[in-house]
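**Q** File follows, coords.cif with mmCIF, C-alpha atoms:
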```cif
data_entry
#
loop_
_atom_site.label_atom_id
_atom_site.label_comp_id
_atom_site.auth_asym_id
_atom_site.auth_seq_id
_atom_site.Cartn_x
_atom_site.Cartn_y
_atom_site.Cartn_z
CA MET A 1 9.55 -16.52 6.01
CA ASN A 2 11.05 -14.27 8.68
CA PRO A 3 12.32 -16.47 11.53
CA ILE A 4 11.75 -13.66 14.06
CA ASN A 5 8.27 -12.20 13.88
CA LEU A 6 7.25 -8.55 13.69
CA VAL A 7 6.16 -8.27 17.32
CA ASP A 8 9.39 -9.81 18.62
CA LEU A 9 11.41 -7.50 16.37
CA SER A 10 9.48 -4.54 17.79
CA ARG A 11 10.18 -5.64 21.37
CA LEU A 12 13.79 -6.37 20.51
CA PHE A 13 14.22 -2.90 19.03
CA THR A 14 12.73 -1.28 22.13
CA ALA A 15 14.97 -3.36 24.40
CA GLY A 16 17.94 -2.29 22.28
CA VAL A 17 17.03 1.40 22.56
CA ARG A 18 16.73 0.96 26.34
CA ALA A 19 20.00 -1.02 26.44
CA ASP A 20 18.06 -3.79 28.22
CA THR A 21 20.32 -6.74 27.34
CA ALA A 22 18.46 -9.19 29.59
CA ARG A 23 15.25 -8.51 27.69
CA GLN A 24 17.08 -8.84 24.37
CA ASP A 25 18.45 -12.22 25.46
CA GLU A 26 14.96 -13.32 26.51
CA ILE A 27 13.45 -12.37 23.13
CA LEU A 28 16.26 -13.94 21.12
CA GLY A 29 16.41 -17.06 23.26
CA ARG A 30 14.05 -18.84 20.88
CA ALA A 31 15.94 -17.89 17.70
CA ASP A 32 18.58 -20.12 16.16
CA ALA A 33 22.19 -19.01 16.34
CA ALA A 34 22.49 -17.72 12.76
CA ASP A 35 19.31 -15.66 12.93
CA ARG A 36 20.29 -14.32 16.32
CA ALA A 37 23.72 -13.27 15.11
CA ARG A 38 22.25 -11.61 12.03
CA VAL A 39 19.55 -9.65 13.80
CA GLU A 40 21.90 -8.61 16.62
CA ARG A 41 24.35 -7.26 14.03
CA VAL A 42 21.64 -5.37 12.13
CA LEU A 43 20.26 -3.83 15.32
CA ALA A 44 23.67 -2.92 16.73
CA ASP A 45 24.65 -1.21 13.45
CA LEU A 46 21.44 0.80 13.51
CA LEU A 47 21.68 1.81 17.16
CA ASP A 48 25.30 2.88 16.71
CA ALA A 49 23.97 5.83 14.71
CA PRO A 50 22.73 8.93 16.58
CA GLU A 51 18.98 8.86 17.26
CA ASP A 52 18.17 11.62 14.79
CA THR A 53 19.97 9.90 11.90
CA ARG A 54 18.86 6.30 12.33
CA MET A 55 15.30 6.77 11.10
CA LEU A 56 13.99 5.75 7.71
CA ARG A 57 14.84 8.34 5.11
CA LEU A 58 12.19 10.63 3.68
CA PRO A 59 10.73 11.87 1.38
CA MET A 60 8.29 9.02 1.27
CA THR A 61 6.15 10.28 -1.60
CA ASP A 62 8.42 8.47 -4.06
CA THR A 63 7.87 4.96 -2.79
CA ASP A 64 7.66 2.05 -5.17
CA MET A 65 3.95 1.68 -4.60
CA VAL A 66 1.47 2.88 -7.18
CA ASP A 67 1.35 6.61 -7.41
CA PHE A 68 -1.24 7.98 -9.81
CA GLU A 69 -1.24 11.72 -9.74
CA ILE A 70 -3.86 12.83 -7.30
CA GLU A 71 -3.50 16.48 -6.47
CA GLU A 72 -4.61 16.35 -2.85
CA GLU A 73 -2.00 13.66 -2.07
CA ALA A 74 0.89 15.32 -3.85
CA ALA A 75 2.31 17.53 -1.08
CA PRO A 76 4.60 15.69 1.37
CA ARG A 77 4.11 16.40 5.06
CA MET B 1 27.92 4.59 -0.82
CA THR B 2 30.05 2.36 -3.02
CA PRO B 3 29.20 2.66 -6.72
CA ALA B 4 28.16 -0.50 -8.56
CA PRO B 5 31.01 -2.02 -10.54
CA SER B 6 30.61 -1.39 -14.26
CA THR B 7 31.57 -4.98 -15.00
CA THR B 8 28.19 -6.23 -13.75
CA THR B 9 26.12 -4.23 -16.25
CA ARG B 10 25.83 -4.47 -20.01
CA ASP B 11 25.04 -1.48 -22.16
CA ASP B 12 23.20 -3.56 -24.75
CA ILE B 13 20.41 -4.55 -22.34
CA VAL B 14 17.41 -2.30 -22.86
CA TRP B 15 14.13 -3.21 -21.18
CA ASP B 16 11.83 -0.27 -21.89
CA LEU B 17 9.30 -1.94 -19.62
CA ALA B 18 7.10 1.11 -19.10
CA ARG B 19 6.46 1.29 -22.86
CA HIS B 20 5.70 -2.44 -23.08
CA ALA B 21 3.42 -2.22 -20.06
CA VAL B 22 1.04 0.21 -21.76
CA SER B 23 1.09 -1.48 -25.16
CA TYR B 24 -2.15 -3.41 -24.64
CA PRO B 25 -5.05 -2.73 -27.06
CA ALA B 26 -7.45 -1.98 -24.19
CA PHE B 27 -5.55 1.26 -23.60
CA ASP B 28 -6.32 2.45 -27.15
CA GLU B 29 -9.71 3.82 -26.15
CA HIS B 30 -8.26 5.46 -23.03
CA PRO B 31 -5.25 7.53 -24.12
CA ALA B 32 -5.28 9.74 -21.01
CA ILE B 33 -5.23 6.69 -18.74
CA ARG B 34 -2.44 5.21 -20.85
CA THR B 35 -0.36 8.38 -20.47
CA GLU B 36 -0.97 8.54 -16.72
CA PHE B 37 -0.26 4.84 -16.36
CA ALA B 38 3.02 5.12 -18.29
CA ARG B 39 4.21 8.06 -16.18
CA SER B 40 3.43 6.25 -12.94
CA LEU B 41 4.90 2.99 -14.21
CA HIS B 42 8.13 4.69 -15.15
CA LYS B 43 8.67 5.66 -11.50
CA ARG B 44 8.72 1.96 -10.70
CA THR B 45 10.47 0.49 -13.75
CA ARG B 46 13.42 2.87 -13.45
CA LEU B 47 14.08 1.44 -9.98
CA TRP B 48 13.86 -2.18 -11.07
CA GLU B 49 15.42 -2.18 -14.54
CA PRO B 50 18.99 -1.91 -13.13
CA LEU B 51 18.38 -5.06 -11.08
CA LEU B 52 16.88 -6.90 -14.06
CA SER B 53 19.92 -5.87 -16.13
CA LEU B 54 22.23 -7.33 -13.48
CA LEU B 55 20.32 -10.61 -13.72
CA ALA B 56 20.35 -10.56 -17.53
CA ALA B 57 24.12 -10.13 -17.46
CA GLU B 58 24.48 -12.96 -14.92
CA PHE B 59 22.40 -15.38 -17.01
CA ASP B 60 23.58 -14.07 -20.38
CA HIS B 61 20.06 -13.14 -21.38
CA ARG B 62 19.21 -10.57 -24.03
CA PRO B 63 15.65 -9.24 -23.61
CA THR B 64 13.20 -10.54 -26.20
CA GLU B 65 9.70 -9.33 -26.99
CA ALA B 66 8.32 -12.30 -25.04
CA SER B 67 10.52 -11.92 -21.94
CA ALA B 68 9.84 -8.18 -21.87
CA LYS B 69 6.10 -8.90 -22.11
CA VAL B 70 6.27 -11.24 -19.09
CA LEU B 71 8.12 -8.72 -16.95
CA SER B 72 6.23 -5.65 -18.15
CA GLY B 73 3.05 -7.64 -17.54
CA TRP B 74 4.04 -7.86 -13.89
CA PHE B 75 4.29 -4.07 -13.70
CA THR B 76 0.91 -3.65 -15.41
CA MET B 77 -0.74 -6.15 -13.05
CA VAL B 78 0.66 -4.45 -9.97
CA HIS B 79 -0.48 -1.06 -11.20
CA LEU B 80 -3.95 -2.37 -11.94
CA SER B 81 -4.43 -3.04 -8.24
CA ALA B 82 -4.45 0.73 -7.64
CA PRO B 83 -7.85 1.64 -9.10
CA ILE B 84 -9.44 -1.41 -7.49
CA ASP B 85 -7.92 -0.60 -4.09
CA GLN B 86 -9.08 2.98 -4.46
CA LEU B 87 -12.63 1.86 -5.27
CA VAL B 88 -12.70 -0.54 -2.31
CA ASP B 89 -11.19 1.95 0.14
CA ARG B 90 -13.16 4.89 -1.35
CA ASP B 91 -9.85 6.65 -1.72
CA PRO B 92 -9.39 9.54 -4.16
CA MET B 93 -8.98 8.35 -7.76
CA SER B 94 -7.45 10.23 -10.64
CA ASP B 95 -10.01 12.10 -12.78
CA HIS B 96 -9.49 9.74 -15.72
CA TRP B 97 -10.36 6.64 -13.70
CA ARG B 98 -13.18 8.36 -11.82
CA ARG B 99 -14.88 9.27 -15.11
CA LEU B 100 -15.13 5.57 -16.01
CA GLY B 101 -17.32 4.92 -12.97
CA GLY B 102 -16.97 1.82 -10.79
CA ALA B 103 -18.28 -0.69 -13.34
CA GLY B 104 -16.28 0.90 -16.17
CA ALA B 105 -13.07 0.82 -14.13
CA VAL B 106 -13.55 -2.84 -13.22
CA GLN B 107 -14.28 -3.70 -16.86
CA LEU B 108 -11.11 -1.99 -18.08
CA VAL B 109 -9.01 -3.71 -15.39
CA LEU B 110 -10.39 -7.14 -16.32
CA THR B 111 -9.83 -6.57 -20.05
CA LEU B 112 -6.25 -5.46 -19.42
CA LYS B 113 -5.54 -8.46 -17.18
CA ASP B 114 -6.79 -10.78 -19.90
CA GLN B 115 -4.49 -9.11 -22.43
CA VAL B 116 -1.52 -9.22 -20.03
CA PHE B 117 -1.79 -12.99 -19.66
CA ARG B 118 -2.13 -13.57 -23.41
CA ALA B 119 0.67 -11.22 -24.46
CA PRO B 120 3.85 -13.23 -23.65
CA LEU B 121 2.84 -16.29 -25.67
CA LEU B 122 1.55 -14.14 -28.52
CA ALA B 123 4.91 -12.36 -28.56
CA LEU B 124 6.92 -15.56 -28.94
CA ASP B 125 8.75 -15.78 -32.20
CA PRO B 126 7.47 -18.92 -34.05
CA ARG B 127 11.10 -19.95 -34.53
CA THR B 128 11.72 -19.88 -30.77
CA ASP B 129 13.11 -23.13 -29.39
CA ALA B 130 10.96 -25.27 -27.13
CA ALA B 131 12.97 -24.54 -23.98
CA ALA B 132 12.55 -20.77 -24.38
CA ALA B 133 8.83 -21.19 -25.03
CA HIS B 134 8.55 -23.39 -21.95
CA ALA B 135 10.36 -20.79 -19.85
CA VAL B 136 8.01 -18.01 -20.95
CA THR B 137 4.99 -20.24 -20.34
CA ARG B 138 6.16 -21.16 -16.84
CA ALA B 139 6.79 -17.52 -16.00
CA THR B 140 3.34 -16.53 -17.25
CA VAL B 141 1.73 -19.23 -15.10
CA GLU B 142 3.76 -17.99 -12.11
CA LEU B 143 2.47 -14.49 -12.76
CA GLY B 144 -1.12 -15.74 -12.76
CA SER B 145 -0.56 -17.81 -9.63
CA ALA B 146 0.95 -14.90 -7.71
CA CYS B 147 -1.92 -12.65 -8.76
CA LEU B 148 -4.39 -15.17 -7.35
CA THR B 149 -2.51 -15.40 -4.05
CA ALA B 150 -2.36 -11.62 -3.83
CA SER B 151 -6.12 -11.52 -4.49
CA ILE B 152 -6.70 -13.73 -1.45
CA GLY B 153 -4.52 -11.37 0.57
CA GLU B 154 -6.49 -8.41 -0.76
CA TYR B 155 -9.74 -10.11 0.23
CA LEU B 156 -8.46 -10.63 3.80
CA ASP B 157 -7.36 -7.01 3.81
CA VAL B 158 -10.82 -5.87 2.71
CA VAL B 159 -12.45 -8.03 5.40
CA GLY B 160 -10.61 -5.84 7.90
CA TYR B 161 -8.72 -8.24 10.17
CA SER B 162 -5.84 -5.79 10.38
CA GLU B 163 -8.06 -2.88 11.39
CA LEU B 164 -8.24 -1.43 14.86
CA ARG B 165 -11.89 -2.12 15.53
CA SER B 166 -12.25 -2.82 19.25
CA ARG B 167 -12.74 -0.10 21.88
CA PRO B 168 -10.06 1.13 24.30
CA PRO B 169 -8.10 0.05 26.29
CA TYR B 170 -6.96 -2.25 23.43
CA PRO B 171 -4.59 -4.47 25.44
CA VAL B 172 -1.12 -5.28 24.14
CA PRO B 173 -1.90 -8.99 23.42
CA GLU B 174 -4.81 -7.97 21.20
CA ALA B 175 -2.59 -5.48 19.35
CA ALA B 176 0.05 -8.21 18.97
CA ARG B 177 -2.52 -10.56 17.42
CA VAL B 178 -3.51 -7.92 14.85
CA ALA B 179 0.15 -7.03 14.19
CA LEU B 180 1.02 -10.66 13.49
CA PHE B 181 -1.96 -10.95 11.18
CA TYR B 182 -0.73 -7.86 9.35
CA GLU B 183 2.69 -9.47 8.97
CA GLN B 184 1.03 -12.54 7.44
CA LEU B 185 -0.99 -10.32 5.14
CA VAL B 186 2.15 -8.61 3.85
CA GLY B 187 3.57 -12.09 3.27
CA TRP B 188 0.59 -12.95 1.06
CA LYS B 189 0.48 -9.66 -0.79
CA SER B 190 3.62 -7.54 -1.23
CA SER B 191 6.07 -10.37 -0.54
CA VAL B 192 4.34 -12.73 -2.96
CA ILE B 193 4.15 -10.05 -5.64
CA TYR B 194 7.87 -9.23 -5.52
CA GLU B 195 8.81 -12.89 -5.14
CA CYS B 196 6.88 -13.37 -8.39
CA LEU B 197 8.80 -10.61 -10.20
CA LEU B 198 12.16 -12.16 -9.35
CA ARG B 199 10.94 -15.69 -10.10
CA CYS B 200 9.52 -14.60 -13.45
CA ALA B 201 12.77 -12.80 -14.29
CA ALA B 202 14.85 -15.87 -13.42
CA LEU B 203 12.56 -18.22 -15.37
CA THR B 204 12.45 -16.11 -18.53
CA MET B 205 16.24 -15.75 -18.35
CA ARG B 206 16.47 -19.55 -18.02
CA ALA B 207 18.41 -19.44 -14.78
CA PRO B 208 19.29 -22.78 -13.11
CA GLU B 209 16.60 -24.03 -10.72
CA PRO B 210 18.52 -23.27 -7.47
CA ALA B 211 19.06 -19.72 -8.74
CA VAL B 212 15.33 -19.36 -9.48
CA ASP B 213 14.48 -20.32 -5.90
CA ALA B 214 17.20 -18.10 -4.44
CA LEU B 215 16.00 -15.08 -6.41
CA ALA B 216 12.39 -15.79 -5.46
CA ALA B 217 13.40 -15.76 -1.77
CA PHE B 218 15.33 -12.54 -2.38
CA GLY B 219 12.20 -11.00 -3.92
CA HIS B 220 10.04 -12.20 -1.02
CA HIS B 221 12.14 -10.33 1.54
CA ILE B 222 12.58 -7.27 -0.64
CA GLY B 223 8.80 -7.20 -1.13
CA PHE B 224 8.33 -7.05 2.63
CA ALA B 225 10.82 -4.19 2.85
CA VAL B 226 9.05 -2.34 0.05
CA GLN B 227 5.81 -2.64 2.03
CA VAL B 228 7.53 -1.18 5.11
CA LEU B 229 8.61 1.76 2.98
CA ASP B 230 5.04 2.18 1.78
CA ASP B 231 3.76 1.99 5.38
CA ALA B 232 6.09 4.88 6.22
CA GLY B 233 4.73 6.80 3.25
CA GLY B 234 1.21 6.20 4.55
CA VAL B 235 2.05 7.96 7.82
CA TRP B 236 4.85 10.44 7.09
CA GLY B 237 4.71 10.79 3.32
CA GLY B 238 1.82 11.57 1.01
CA GLY B 239 -0.51 8.88 2.40
CA ASP B 240 -3.54 9.18 4.65
CA ASP B 241 -3.31 6.01 6.76
CA LEU B 242 -3.94 7.98 9.97
CA GLU B 243 -6.97 9.74 8.53
CA LYS B 244 -9.18 6.70 7.99
CA ASP B 245 -11.94 5.04 9.98
CA PRO B 246 -11.09 2.54 11.31
CA VAL B 247 -7.30 2.85 11.37
CA LYS B 248 -5.37 -0.07 9.88
CA VAL B 249 -2.49 -1.49 11.93
CA THR B 250 0.49 -1.22 9.59
CA SER B 251 4.11 -1.60 10.71
CA PRO B 252 4.60 1.76 12.51
CA LEU B 253 1.42 1.27 14.56
CA ALA B 254 2.26 -2.40 15.13
CA HIS B 255 5.44 -1.20 16.81
CA ALA B 256 3.81 1.55 18.87
CA LEU B 257 0.88 -0.60 20.02
CA THR B 258 2.73 -3.81 20.90
CA THR B 259 5.40 -2.15 23.04
CA ASP B 260 4.81 -0.86 26.55
CA HIS B 261 5.53 2.85 26.78
CA PRO B 262 4.16 5.71 28.90
CA ARG B 263 2.05 7.25 26.10
CA ARG B 264 0.48 4.04 24.79
CA ASP B 265 -2.96 4.72 26.34
CA GLU B 266 -2.99 8.22 24.84
CA LEU B 267 -2.11 6.75 21.43
CA VAL B 268 -4.90 4.16 21.71
CA ASP B 269 -7.41 6.88 22.56
CA LEU B 270 -6.27 9.01 19.65
CA LEU B 271 -6.55 6.15 17.19
CA HIS B 272 -10.08 5.39 18.40
CA THR B 273 -11.14 9.00 17.93
CA PRO B 274 -13.19 9.44 14.74
CA ALA B 275 -10.96 10.52 11.89
CA ALA B 276 -12.63 13.92 11.51
CA ARG B 277 -11.57 14.86 15.07
CA ARG B 278 -8.34 12.85 15.31
CA ASP B 279 -5.17 14.80 16.12
CA VAL B 280 -2.99 13.23 13.42
CA GLU B 281 0.03 15.41 14.21
CA ARG B 282 -0.07 14.20 17.82
CA VAL B 283 -0.21 10.59 16.60
CA ARG B 284 2.89 11.23 14.50
CA ALA B 285 4.61 12.83 17.49
CA LEU B 286 3.85 9.77 19.64
CA LEU B 287 5.17 7.48 16.92
CA ASP B 288 8.35 9.54 16.85
CA GLU B 289 8.65 9.22 20.64
CA VAL B 290 8.93 5.44 20.29
CA GLN B 291 11.31 5.90 17.34
CA ALA B 292 8.88 4.23 14.94
CA ARG B 293 10.77 5.45 11.88
CA ALA B 294 14.00 3.98 13.22
CA PHE B 295 12.11 0.74 13.85
CA LEU B 296 11.00 0.74 10.21
CA GLU B 297 14.62 1.24 9.17
CA PHE B 298 15.48 -1.76 11.36
CA LEU B 299 12.80 -3.84 9.62
CA ILE B 300 14.09 -2.87 6.19
CA ARG B 301 17.72 -3.61 7.06
CA ASP B 302 16.68 -6.93 8.55
CA ARG B 303 14.83 -7.89 5.38
CA VAL B 304 17.64 -6.74 3.09
CA SER B 305 20.00 -8.84 5.19
CA LEU B 306 17.67 -11.87 4.81
CA ALA B 307 17.37 -11.19 1.07
CA ALA B 308 21.14 -11.10 0.62
CA GLY B 309 21.46 -14.27 2.70
CA ALA B 310 19.03 -16.06 0.39
CA LEU B 311 21.47 -15.57 -2.51
CA ALA B 312 24.62 -16.67 -0.70
CA GLU B 313 24.64 -20.32 -1.72
CA ALA B 314 23.26 -20.35 -5.27
CA LEU B 315 24.38 -16.94 -6.49
CA PRO B 316 27.33 -15.74 -4.38
CA GLY B 317 28.51 -13.42 -7.14
CA LEU B 318 25.24 -11.49 -7.04
CA VAL B 319 25.20 -10.86 -3.27
CA ALA B 320 27.31 -7.70 -3.37
CA PRO B 321 25.74 -6.10 -6.48
CA LEU B 322 22.18 -6.80 -5.32
CA GLU B 323 22.95 -5.53 -1.82
CA ARG B 324 24.22 -2.33 -3.42
CA TRP B 325 21.06 -2.16 -5.54
CA ALA B 326 18.90 -2.62 -2.42
CA ASP B 327 20.91 -0.06 -0.49
CA ALA B 328 20.45 2.44 -3.28
CA TYR B 329 16.78 1.52 -3.64
CA PHE B 330 15.91 2.05 0.00
CA ARG B 331 18.15 5.07 0.50
CA ARG B 332 16.92 6.65 -2.73
CA THR B 333 20.37 7.54 -4.02
CA ALA B 334 20.92 8.43 -7.66
CA GLN B 335 22.28 4.94 -8.21
CA ALA B 336 18.81 3.43 -7.95
CA THR B 337 17.46 5.47 -10.83
CA ARG B 338 20.01 4.74 -13.50
#
```
Just give me the structure of the file as structure tokens.
**A**
Amino acid sequence: MNPINLVDLSRLFTAGVRADTARQDEILGRADAADRARVERVLADLLDAPEDTRMLRLPMTDTDMVDFEIEEEAAPR
Amino acid sequence: MTPAPSTTTRDDIVWDLARHAVSYPAFDEHPAIRTEFARSLHKRTRLWEPLLSLLAAEFDHRPTEASAKVLSGWFTMVHLSAPIDQLVDRDPMSDHWRRLGGAGAVQLVLTLKDQVFRAPLLALDPRTDAAAAHAVTRATVELGSACLTASIGEYLDVVGYSELRSRPPYPVPEAARVALFYEQLVGWKSSVIYECLLRCAALTMRAPEPAVDALAAFGHHIGFAVQVLDDAGGVWGGGDDLEKDPVKVTSPLAHALTTDHPRRDELVDLLHTPAARRDVERVRALLDEVQARAFLEFLIRDRVSLAAGALAEALPGLVAPLERWADAYFRRTAQATR
């Protein structure tokens, strides 16, 4: 259900980090206008943030996934 | 972070889903498992009950025993996948489950699933009108259907198509093929499961049909984002995704293996090293070099954006509150835990 697949999103992200607009255009050339506008906006918003603040927030031990209490898995890295 | 407007919540909506979700008779003989289950469930229900309350307010629904049993049944079913996954993956299990043994654990899971599917109809008040009974029945069937689809996804996961099995040099096109399979797998598992939760909620609340479909699409995208969060937990949180043989290609590795970068060959070699000798810290460092965690943030924002877009036509009034809920959920602010 995602119009732009995971691999293209990965390549698009890398092109964005490298400010390679030609490569971004090439990847998004197959997307329709609405999807292209949306993903370009999401990526631009993310890359506007400094590199050390744009990453996914931790701690990750409290994800929504099942978390029975297993001692050896309790300590976050 | 903008706080949620108080006008979209109602104080008289109480779900208490964690309590409902451990109310099945099969737990009676396993009080320690029931206690552990309830504690773990509460971590999840406290994140989702605010969203369900927003929907209840939108559709003027007051939780009933039957609607709570449908939705709490979803939480029980999702949690029951944990002991089975742990058995299949030979992952550590809690002491209480381990003591049951493999056959005992499977037996308890099957008994509970049977009771989950019977509970909503048994909970219907005999005086309930036909439309409400139909809504609960439809939602229960949806729950069963989604569980079957997720089982197919689990089977494909067990078969190992998303594992890194070939030898180096592991060319980019091969990594891309596995990454795209992984994306499909998430679509059949996590996305379907969360799509089901939102569809079941909308059906039991007797939402109009276009709203049911819009919320299901919202759940589908949110489910994908939840899986991305879990993938991050498997690498940087409490998980052990980098310590297994063979390594599974989840979203951070999909990014690092399908993009050309100077350290890709080193990463491939590391991932093919047997787990006992693998330098996991170095793998994490290489993932950080390609900004894998920022890529995961990109994936989550993209999916939240798609989820919000799915609501725009049928439920425009819910776009802003549910975006705020998602923002709080994925940023782990206090707002998500109300």
**Q** Identify all residues satisfying the PyMOL selection byres ((chain A and resi 45) around 12) in the given file; provide them as a ChimeraX atom specification.
**A** /A:13,16,38-44,46-50,54 /B:294,297-298,301-302
**Q** Rounded to one decimal place, report the atom CA of Ala135 of chain B-atom CA of Asn2 of chain A distance in Å.
**A**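 Atom CA of Ala135 of chain B sits 29.3 Å away from atom CA of Asn2 of chain A.
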**Q** Could you state the separation of atom CA of Val178 of chain B and atom CA of Leu164 of chain B in Å, given to one decimal place?
**A**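 Atom CA of Leu164 of chain B lies 8.0 Å from atom CA of Val178 of chain B.
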**Q** Counting all atoms listed in the file, give me one row per residue of chain B with an atom at most 6 Å from an atom of chain A, showing the shortest contact pair and its distance in Å to one decimal, sorted by chain then residue number, as JSON lines.
**A**
```
{"residue": "B:Ser40", "atom": "CA", "partner": "A:Phe68", "partner_atom": "CA", "distance": 5.9}
{"residue": "B:Arg44", "atom": "CA", "partner": "A:Asp64", "partner_atom": "CA", "distance": 5.6}
{"residue": "B:His79", "atom": "CA", "partner": "A:Val66", "partner_atom": "CA", "distance": 6.0}
{"residue": "B:Ser94", "atom": "CA", "partner": "A:Ile70", "partner_atom": "CA", "distance": 5.6}
{"residue": "B:Gly233", "atom": "CA", "partner": "A:Met60", "partner_atom": "CA", "distance": 4.6}
{"residue": "B:Gly237", "atom": "CA", "partner": "A:Met60", "partner_atom": "CA", "distance": 4.5}
{"residue": "B:Gly238", "atom": "CA", "partner": "A:Pro76", "partner_atom": "CA", "distance": 5.0}
{"residue": "B:His255", "atom": "CA", "partner": "A:Ser10", "partner_atom": "CA", "distance": 5.3}
{"residue": "B:Arg293", "atom": "CA", "partner": "A:Met55", "partner_atom": "CA", "distance": 4.8}
{"residue": "B:Ala294", "atom": "CA", "partner": "A:Met55", "partner_atom": "CA", "distance": 3.7}
{"residue": "B:Glu297", "atom": "CA", "partner": "A:Leu56", "partner_atom": "CA", "distance": 4.8}
```
**Q** Between atom CA of Arg138 of chain B and atom CA of Phe27 of chain B, what is the spacing in Å?
**A** 26.2 Å
